[in-house]
Amino acid sequence: MNITAVRGFNDILPDRSELWRHIEDEARRIFSCYGFSEIRVPVVERTELFSRSIGETTDIVEKEMYTFTDRRGDSLTLRPEGTAPVVRAYIEHKLYNEMPVARLYYTGPMYRYERPQKRRYRQFYQIGAEVLGETSPGVDAEVIEGLVTLFKKLGVVGATLHINSLGCPECRPRYKEKLEVFLETVKEKLCGNCLRRIEANPLRALDCKNPGCIEATGEAPAILEAVCGECGEHFTALRGHLGELGIEYTVNPRMVRGLDYYTKTTFEITAEGLGSQNAVAAGGRYDGLVKELGGPDTPCFGFAIGMERLVLLLEERSVSAGPLTVLIAMGEEAGKKGTPFVRVLRERGKRVVVDYGDGSLKNRMKRAHRTGARFVVIVGEDELADGVVTVKDMESGGQDRLPPEKAVDRIAAEGV
Ligand code: HAM
């Protein structure tokens, strides 16, 4: 029997990896302009980190974590998201002492045992960014602006920014009570999961994808009408900043997010063409999490992009790695002459592969053609005798015999 990949875990093959790299490069470049530095956190953490931060009564913690007991009997979990590990590292290394405001970004795989379908995987990649130590709604807007800039730069079209406020420990309990009373009145329409969580986590009912729950909660009280003065002001200021930055948005009072650590601002960017799994990036403020996990009181804001979904949106756009040159050396002597030539091209940042095959020049040319090479450089007996190489331009079909330095210039003049 052939061994295949595990369901929900995908290979990223060379025809796509260039686009992945292009997205990551652009993200790094733009994050750097916004003052972010990279943090690399482990893939495995103590289970408690996630149950305490994401929330015991969320789908992620209740049924989607890859949790196992290691040989020592410790309960460990493959990270389902990146915020909690970043906060753990921030506290553990006391980054607050060296960075009054820490701007950190990360990339890497996350793991959730969800029902695999298109755009929903069990291993998926995120690019995330977190600002730790800043209260101002200005930073919420600034970070969203960075994300919008990245999407624009990448050529994402048809994206919508949804914003909401989830209040704070002052006002949310009051809203939860109101919502609970409302949910009791539509109880018979709710799914088993929402019914079970009415008391512990009624907000989850607003996030439920079950058609019955969507219908039942249509008239539910809106959290935005129940937030306290401070949260209301934060939200109004955020809207003001977004307006000044020229960023369009819609207020979506039903958007409660699937993680419990949020306070005040939450947001999602959805995109046309992604069907029901249409959130391509999401995040918000989590002012209580650092303290909850044992660190100093630190207001935070961040987001994560779902890489696979972003790649799907951009798939039509081909990002090429740049022209490729194939060197065909006919015989050992020619091979020796070719080596420094290849090195110089690579030093100039060009992509070069050496064809090590034997066989006729015709067959080797065919093979080079199949690699999609833009240039083929041939070194044969004649070329050796004359101190030149033959450069064949596979696009135009033309070919020239040139001294090696000239050939390098000719190839380097093309493309990236
Ligand atoms: P999240 O909404 O759970 O937030 O995930 C962020 C993004 O990851 C989603 O919008 C989606 O694009 C992608 N994603 C999530 N689950 C899957 C999946 N099973 N398959 C494919 N893509 C998926 C968080 O993870 C928060 N840590 C974001 C954040 C950072 N909030 C503050 N800072």
# chains A, B, ... in the order shown; residues from 1 in each chain; ligands from 1
>>> residues_around(residues="region 72-88 of chain A", least_positions_apart="2", cutoff="7 Å", atoms="only C-alpha atoms", output="short mmCIF file (atom, residue, chain, number, x, y, z; two decimals) with N, CA, C and O atoms, in the first residue's frame")
data_model
loop_
_atom_site.label_atom_id
_atom_site.label_comp_id
_atom_site.auth_asym_id
_atom_site.auth_seq_id
_atom_site.Cartn_x
_atom_site.Cartn_y
_atom_site.Cartn_z
N VAL A 41 8.47 30.81 17.86
CA VAL A 41 8.06 30.08 19.06
C VAL A 41 7.83 28.61 18.69
O VAL A 41 7.62 28.30 17.52
N VAL A 43 6.38 24.73 18.24
CA VAL A 43 5.12 24.19 17.71
C VAL A 43 4.34 23.49 18.84
O VAL A 43 3.13 23.35 18.78
N VAL A 44 5.07 23.05 19.87
CA VAL A 44 4.43 22.34 20.98
C VAL A 44 4.49 23.19 22.25
O VAL A 44 5.53 23.79 22.54
N GLU A 45 3.38 23.25 22.95
CA GLU A 45 3.33 23.99 24.22
C GLU A 45 2.56 23.16 25.24
O GLU A 45 1.90 22.18 24.88
N ARG A 46 2.60 23.58 26.48
CA ARG A 46 1.79 22.91 27.50
C ARG A 46 0.31 23.15 27.20
O ARG A 46 -0.08 24.27 26.88
N THR A 47 -0.49 22.13 27.33
CA THR A 47 -1.92 22.21 27.00
C THR A 47 -2.61 23.36 27.73
O THR A 47 -3.44 24.08 27.16
N LEU A 49 -1.65 26.21 28.49
CA LEU A 49 -1.47 27.54 27.88
C LEU A 49 -2.66 27.86 26.99
O LEU A 49 -3.20 28.96 27.02
N PHE A 50 -3.08 26.87 26.20
CA PHE A 50 -4.18 27.13 25.26
C PHE A 50 -5.54 27.08 25.94
O PHE A 50 -6.41 27.88 25.64
N SER A 53 -5.94 30.40 27.73
CA SER A 53 -6.01 31.64 26.95
C SER A 53 -7.15 31.63 25.92
O SER A 53 -7.91 32.58 25.83
N MET A 65 -8.10 20.37 19.53
CA MET A 65 -6.65 20.41 19.81
C MET A 65 -6.00 19.03 19.63
O MET A 65 -6.58 18.01 19.96
N TYR A 66 -4.81 19.05 19.11
CA TYR A 66 -3.98 17.84 19.02
C TYR A 66 -3.22 17.76 20.34
O TYR A 66 -2.15 18.36 20.49
N THR A 67 -3.80 17.05 21.29
CA THR A 67 -3.20 16.97 22.62
C THR A 67 -2.69 15.56 22.86
O THR A 67 -3.34 14.59 22.46
N PHE A 68 -1.53 15.45 23.45
CA PHE A 68 -0.98 14.12 23.77
C PHE A 68 -0.19 14.18 25.06
O PHE A 68 0.21 15.26 25.50
N THR A 69 0.00 13.03 25.65
CA THR A 69 0.78 12.96 26.87
C THR A 69 2.17 12.47 26.49
O THR A 69 2.29 11.46 25.80
N ASP A 70 3.19 13.18 26.90
CA ASP A 70 4.54 12.74 26.52
C ASP A 70 5.03 11.66 27.49
O ASP A 70 4.31 11.26 28.40
N TYR A 90 6.77 36.15 25.74
CA TYR A 90 6.90 37.55 26.18
C TYR A 90 7.05 37.60 27.69
O TYR A 90 7.90 38.32 28.23
N ILE A 91 6.24 36.79 28.38
CA ILE A 91 6.30 36.78 29.85
C ILE A 91 7.55 36.03 30.31
O ILE A 91 8.30 36.51 31.16
N GLU A 92 7.79 34.86 29.72
CA GLU A 92 8.90 34.02 30.17
C GLU A 92 10.24 34.73 30.04
O GLU A 92 11.10 34.62 30.91
N MET A 110 0.02 25.82 12.14
CA MET A 110 -0.85 25.70 13.31
C MET A 110 -1.66 24.41 13.10
O MET A 110 -1.82 23.96 11.95
N TYR A 111 -2.21 23.87 14.18
CA TYR A 111 -2.88 22.57 14.08
C TYR A 111 -4.24 22.60 14.77
O TYR A 111 -4.33 22.96 15.95
N ARG A 112 -5.28 22.24 14.02
CA ARG A 112 -6.61 22.14 14.62
C ARG A 112 -7.30 20.92 14.03
O ARG A 112 -7.32 20.76 12.81
N VAL A 290 -2.09 38.86 28.93
CA VAL A 290 -0.75 38.79 29.52
C VAL A 290 -0.87 38.63 31.04
O VAL A 290 -0.21 37.79 31.65
#
>>> residues_around(residues="Lys336 (chain A)", least_positions_apart="6", cutoff="12 Å", atoms="only C-alpha atoms", output="ChimeraX atom specification")
/A:327-330,342-343,354,379-380,384
>>> write_last_selection(atoms="N, CA, C and O atoms", output="compact mmCIF listing (two decimals), in the first residue's frame")
# COMPACT_ATOMS: atom_id res chain seq x y z
N LEU A 327 22.95 24.92 -17.97
CA LEU A 327 24.26 24.75 -18.60
C LEU A 327 24.40 23.33 -19.12
O LEU A 327 24.21 22.37 -18.36
N ILE A 328 24.71 23.19 -20.38
CA ILE A 328 24.99 21.87 -20.94
C ILE A 328 26.46 21.85 -21.35
O ILE A 328 26.87 22.60 -22.25
N ALA A 329 27.25 21.04 -20.66
CA ALA A 329 28.66 20.92 -21.00
C ALA A 329 28.86 19.58 -21.68
O ALA A 329 28.47 18.55 -21.15
N MET A 330 29.46 19.60 -22.89
CA MET A 330 29.66 18.37 -23.64
C MET A 330 31.05 17.83 -23.33
O MET A 330 32.04 18.27 -23.92
N VAL A 342 29.12 29.21 -14.13
CA VAL A 342 27.91 29.02 -13.33
C VAL A 342 28.03 29.81 -12.02
O VAL A 342 27.10 30.47 -11.57
N ARG A 343 29.24 29.76 -11.43
CA ARG A 343 29.44 30.44 -10.15
C ARG A 343 29.20 31.95 -10.28
O ARG A 343 28.52 32.56 -9.48
N VAL A 354 22.80 22.87 -13.63
CA VAL A 354 23.74 22.20 -14.53
C VAL A 354 23.09 20.90 -14.98
O VAL A 354 22.55 20.16 -14.16
N VAL A 379 28.48 24.42 -23.78
CA VAL A 379 29.94 24.43 -23.93
C VAL A 379 30.33 23.10 -24.55
O VAL A 379 30.18 22.04 -23.91
N GLY A 380 30.78 23.12 -25.80
CA GLY A 380 31.19 21.90 -26.49
C GLY A 380 32.63 22.05 -26.98
O GLY A 380 33.29 23.04 -26.63
N LEU A 384 35.08 25.34 -26.76
CA LEU A 384 36.33 25.29 -25.99
C LEU A 384 37.48 25.80 -26.84
O LEU A 384 38.30 26.62 -26.40
>>> closest_residue(among="A:Pro323, A:Lys176, A:Thr160, A:Asn210", to="Asn252 (chain A)", atoms="only C-alpha atoms")
A:Thr160
>>> select_by_dssp(residues="region 180-347 of chain A", states="strand (DSSP E or B)", output="count of residues only")
31
>>> closest_residue(among="A:Lys337, A:Glu38, A:Ala413, A:Glu180", to="Arg196 (chain A)", atoms="only C-alpha atoms")
A:Glu180
>>> atom_distance(atom1="atom 7 (C, counted along the ligand's line) of ligand 1", atom2="CA of Phe9 (chain A)")
16.3 Å
>>> residues_around(residues="region 114-127 of chain A", least_positions_apart="3", cutoff="9 Å", atoms="only C-alpha atoms", output="MDAnalysis selection string")
chainID A and resid 7:10 24 27 60 63:65 80:82 105:111 274:275 277:278 281 303:309 312
>>> residues_around(residues="Leu150 (chain A)", least_positions_apart="4", cutoff="8 Å", atoms="only C-alpha atoms", output="list in words")
Glu26, Ala27, Ile30, Gly146 and Leu154 of chain A
>>> atom_distance(atom1="atom 25 (O, counted along the ligand's line) of ligand 1", atom2="CA of Arg197 (chain A)")
21.4 Å
>>> residues_around(residues="Ala159 (chain A)", least_positions_apart="3", cutoff="12 Å", atoms="only C-alpha atoms", output="list in words")
Leu147, Val148, Phe151, Lys152, Gly155, Val156, His162, Ile247, Glu248, Tyr249, Thr250, Glu268, Ile269, Thr270, Ala271, Glu272, Gly273, Leu274, Asn278, Ala279, Val280, Ala281, Leu310 and Leu313 of chain A
>>> select_by_dssp(residues="region 66-313 of chain A", states="helix (DSSP H, G or I)", output="JSON, numbers by chain")
{"A": [83, 84, 85, 86, 87, 88, 89, 90, 91, 92, 95, 96, 97, 98, 137, 138, 139, 140, 141, 142, 143, 144, 145, 146, 147, 148, 149, 150, 151, 152, 153, 154, 172, 173, 174, 175, 176, 177, 178, 179, 180, 181, 182, 183, 184, 185, 187, 188, 189, 192, 193, 194, 195, 196, 204, 205, 206, 207, 211, 212, 213, 214, 215, 216, 223, 224, 225, 229, 230, 231, 232, 233, 234, 235, 236, 237, 238, 239, 240, 241, 242, 243, 244, 289, 290, 291, 292, 307, 308, 309, 310, 311, 312, 313]}
>>> closest_residue(among="A:Pro296, A:Asp207, A:Tyr113, A:His369", to="Pro100 (chain A)", atoms="only C-alpha atoms")
A:Pro296
>>> atom_distance(atom1="CA of Pro221 (chain A)", atom2="CA of Val143 (chain A)")
29.3 Å
>>> closest_residue(among="A:Arg285, A:Arg364, A:Arg351, A:Arg374", to="ligand 1", atoms="only C-alpha atoms and all ligand atoms")
A:Arg285
>>> residues_around(residues="Thr58 (chain A)", least_positions_apart="3", cutoff="8 Å", atoms="only C-alpha atoms", output="list in words")
Ile54, Gly55, Val61, Glu62, Arg204, Gly258, Leu259 and Asp260 of chain A
>>> closest_residue(among="A:Val256, A:Leu183, A:Leu19, A:Ile3", to="ligand 1", atoms="only C-alpha atoms and all ligand atoms")
A:Val256
>>> residues_around(residues="Val227 (chain A)", least_positions_apart="2", cutoff="8 Å", atoms="only C-alpha atoms", output="PyMOL selection string")
chain A and resi 165-168+171-172+175+223-225+229+231-232
>>> closest_residue(among="A:Arg103, A:His241, A:Lys362, A:Arg257", to="ligand 1", atoms="only C-alpha atoms and all ligand atoms")
A:Arg257
>>> decode(residues="region 270-302 of chain A", atoms="N, CA and C atoms", output="PDB file, in the first residue's frame")
ATOM      1  N   THR A 270     -12.724  39.390   5.210  1.00  0.00           N
ATOM      2  CA  THR A 270     -13.278  38.293   4.424  1.00  0.00           C
ATOM      3  C   THR A 270     -13.045  38.603   2.952  1.00  0.00           C
ATOM      4  N   ALA A 271     -13.082  37.563   2.142  1.00  0.00           N
ATOM      5  CA  ALA A 271     -12.837  37.791   0.715  1.00  0.00           C
ATOM      6  C   ALA A 271     -13.817  37.000  -0.110  1.00  0.00           C
ATOM      7  N   GLU A 272     -14.231  37.607  -1.205  1.00  0.00           N
ATOM      8  CA  GLU A 272     -15.100  36.907  -2.150  1.00  0.00           C
ATOM      9  C   GLU A 272     -14.308  35.740  -2.721  1.00  0.00           C
ATOM     10  N   GLY A 273     -15.027  34.695  -3.036  1.00  0.00           N
ATOM     11  CA  GLY A 273     -14.337  33.574  -3.678  1.00  0.00           C
ATOM     12  C   GLY A 273     -13.813  32.559  -2.679  1.00  0.00           C
ATOM     13  N   LEU A 274     -14.079  32.751  -1.391  1.00  0.00           N
ATOM     14  CA  LEU A 274     -13.624  31.760  -0.413  1.00  0.00           C
ATOM     15  C   LEU A 274     -14.792  30.973   0.188  1.00  0.00           C
ATOM     16  N   GLY A 275     -16.003  31.163  -0.359  1.00  0.00           N
ATOM     17  CA  GLY A 275     -17.164  30.410   0.117  1.00  0.00           C
ATOM     18  C   GLY A 275     -17.429  30.659   1.587  1.00  0.00           C
ATOM     19  N   SER A 276     -17.800  29.599   2.312  1.00  0.00           N
ATOM     20  CA  SER A 276     -18.190  29.801   3.712  1.00  0.00           C
ATOM     21  C   SER A 276     -16.964  29.993   4.615  1.00  0.00           C
ATOM     22  N   GLN A 277     -15.831  29.469   4.202  1.00  0.00           N
ATOM     23  CA  GLN A 277     -14.605  29.685   4.992  1.00  0.00           C
ATOM     24  C   GLN A 277     -13.953  30.950   4.457  1.00  0.00           C
ATOM     25  N   ASN A 278     -14.619  32.095   4.652  1.00  0.00           N
ATOM     26  CA  ASN A 278     -14.172  33.267   3.905  1.00  0.00           C
ATOM     27  C   ASN A 278     -13.287  34.245   4.679  1.00  0.00           C
ATOM     28  N   ALA A 279     -12.939  33.913   5.917  1.00  0.00           N
ATOM     29  CA  ALA A 279     -12.051  34.820   6.655  1.00  0.00           C
ATOM     30  C   ALA A 279     -10.610  34.524   6.262  1.00  0.00           C
ATOM     31  N   VAL A 280      -9.958  35.533   5.733  1.00  0.00           N
ATOM     32  CA  VAL A 280      -8.576  35.313   5.279  1.00  0.00           C
ATOM     33  C   VAL A 280      -7.593  35.847   6.318  1.00  0.00           C
ATOM     34  N   ALA A 281      -8.082  36.743   7.186  1.00  0.00           N
ATOM     35  CA  ALA A 281      -7.250  37.233   8.297  1.00  0.00           C
ATOM     36  C   ALA A 281      -8.184  37.702   9.394  1.00  0.00           C
ATOM     37  N   ALA A 282      -7.715  37.633  10.627  1.00  0.00           N
ATOM     38  CA  ALA A 282      -8.587  38.030  11.731  1.00  0.00           C
ATOM     39  C   ALA A 282      -7.745  38.346  12.953  1.00  0.00           C
ATOM     40  N   GLY A 283      -8.332  39.131  13.843  1.00  0.00           N
ATOM     41  CA  GLY A 283      -7.597  39.452  15.066  1.00  0.00           C
ATOM     42  C   GLY A 283      -8.360  40.395  15.942  1.00  0.00           C
ATOM     43  N   GLY A 284      -7.618  41.061  16.813  1.00  0.00           N
ATOM     44  CA  GLY A 284      -8.268  42.007  17.714  1.00  0.00           C
ATOM     45  C   GLY A 284      -7.398  42.299  18.916  1.00  0.00           C
ATOM     46  N   ARG A 285      -8.038  42.944  19.877  1.00  0.00           N
ATOM     47  CA  ARG A 285      -7.360  43.378  21.099  1.00  0.00           C
ATOM     48  C   ARG A 285      -7.551  42.320  22.179  1.00  0.00           C
ATOM     49  N   TYR A 286      -6.526  42.102  22.963  1.00  0.00           N
ATOM     50  CA  TYR A 286      -6.645  41.137  24.077  1.00  0.00           C
ATOM     51  C   TYR A 286      -5.903  41.706  25.281  1.00  0.00           C
ATOM     52  N   ASP A 287      -6.558  42.683  25.912  1.00  0.00           N
ATOM     53  CA  ASP A 287      -5.898  43.443  26.968  1.00  0.00           C
ATOM     54  C   ASP A 287      -5.686  42.658  28.265  1.00  0.00           C
ATOM     55  N   GLY A 288      -6.408  41.546  28.434  1.00  0.00           N
ATOM     56  CA  GLY A 288      -6.294  40.838  29.713  1.00  0.00           C
ATOM     57  C   GLY A 288      -5.391  39.620  29.683  1.00  0.00           C
ATOM     58  N   LEU A 289      -4.930  39.230  28.486  1.00  0.00           N
ATOM     59  CA  LEU A 289      -4.277  37.911  28.383  1.00  0.00           C
ATOM     60  C   LEU A 289      -2.915  37.827  29.074  1.00  0.00           C
ATOM     61  N   VAL A 290      -2.091  38.861  28.925  1.00  0.00           N
ATOM     62  CA  VAL A 290      -0.747  38.789  29.519  1.00  0.00           C
ATOM     63  C   VAL A 290      -0.869  38.632  31.039  1.00  0.00           C
ATOM     64  N   LYS A 291      -1.764  39.408  31.638  1.00  0.00           N
ATOM     65  CA  LYS A 291      -1.959  39.333  33.086  1.00  0.00           C
ATOM     66  C   LYS A 291      -2.526  37.965  33.479  1.00  0.00           C
ATOM     67  N   GLU A 292      -3.491  37.514  32.706  1.00  0.00           N
ATOM     68  CA  GLU A 292      -4.126  36.218  32.976  1.00  0.00           C
ATOM     69  C   GLU A 292      -3.075  35.092  32.994  1.00  0.00           C
ATOM     70  N   LEU A 293      -2.051  35.234  32.162  1.00  0.00           N
ATOM     71  CA  LEU A 293      -1.029  34.184  32.095  1.00  0.00           C
ATOM     72  C   LEU A 293       0.152  34.468  33.029  1.00  0.00           C
ATOM     73  N   GLY A 294      -0.010  35.442  33.917  1.00  0.00           N
ATOM     74  CA  GLY A 294       1.005  35.652  34.958  1.00  0.00           C
ATOM     75  C   GLY A 294       1.978  36.789  34.684  1.00  0.00           C
ATOM     76  N   GLY A 295       1.762  37.574  33.649  1.00  0.00           N
ATOM     77  CA  GLY A 295       2.659  38.699  33.349  1.00  0.00           C
ATOM     78  C   GLY A 295       2.077  40.004  33.844  1.00  0.00           C
ATOM     79  N   PRO A 296       2.767  41.113  33.583  1.00  0.00           N
ATOM     80  CA  PRO A 296       2.229  42.407  34.001  1.00  0.00           C
ATOM     81  C   PRO A 296       1.022  42.812  33.144  1.00  0.00           C
ATOM     82  N   ASP A 297       0.233  43.715  33.685  1.00  0.00           N
ATOM     83  CA  ASP A 297      -0.951  44.176  32.972  1.00  0.00           C
ATOM     84  C   ASP A 297      -0.507  44.828  31.648  1.00  0.00           C
ATOM     85  N   THR A 298      -0.805  44.213  30.511  1.00  0.00           N
ATOM     86  CA  THR A 298      -0.271  44.687  29.234  1.00  0.00           C
ATOM     87  C   THR A 298      -1.345  44.653  28.155  1.00  0.00           C
ATOM     88  N   PRO A 299      -1.760  45.817  27.663  1.00  0.00           N
ATOM     89  CA  PRO A 299      -2.751  45.816  26.587  1.00  0.00           C
ATOM     90  C   PRO A 299      -2.108  45.341  25.274  1.00  0.00           C
ATOM     91  N   CYS A 300      -2.833  44.560  24.496  1.00  0.00           N
ATOM     92  CA  CYS A 300      -2.238  43.990  23.266  1.00  0.00           C
ATOM     93  C   CYS A 300      -3.236  44.011  22.115  1.00  0.00           C
ATOM     94  N   PHE A 301      -2.676  43.994  20.922  1.00  0.00           N
ATOM     95  CA  PHE A 301      -3.504  43.934  19.713  1.00  0.00           C
ATOM     96  C   PHE A 301      -2.750  43.122  18.659  1.00  0.00           C
ATOM     97  N   GLY A 302      -3.467  42.301  17.908  1.00  0.00           N
ATOM     98  CA  GLY A 302      -2.769  41.527  16.871  1.00  0.00           C
ATOM     99  C   GLY A 302      -3.720  40.865  15.906  1.00  0.00           C
TER     100      GLY A 302
END
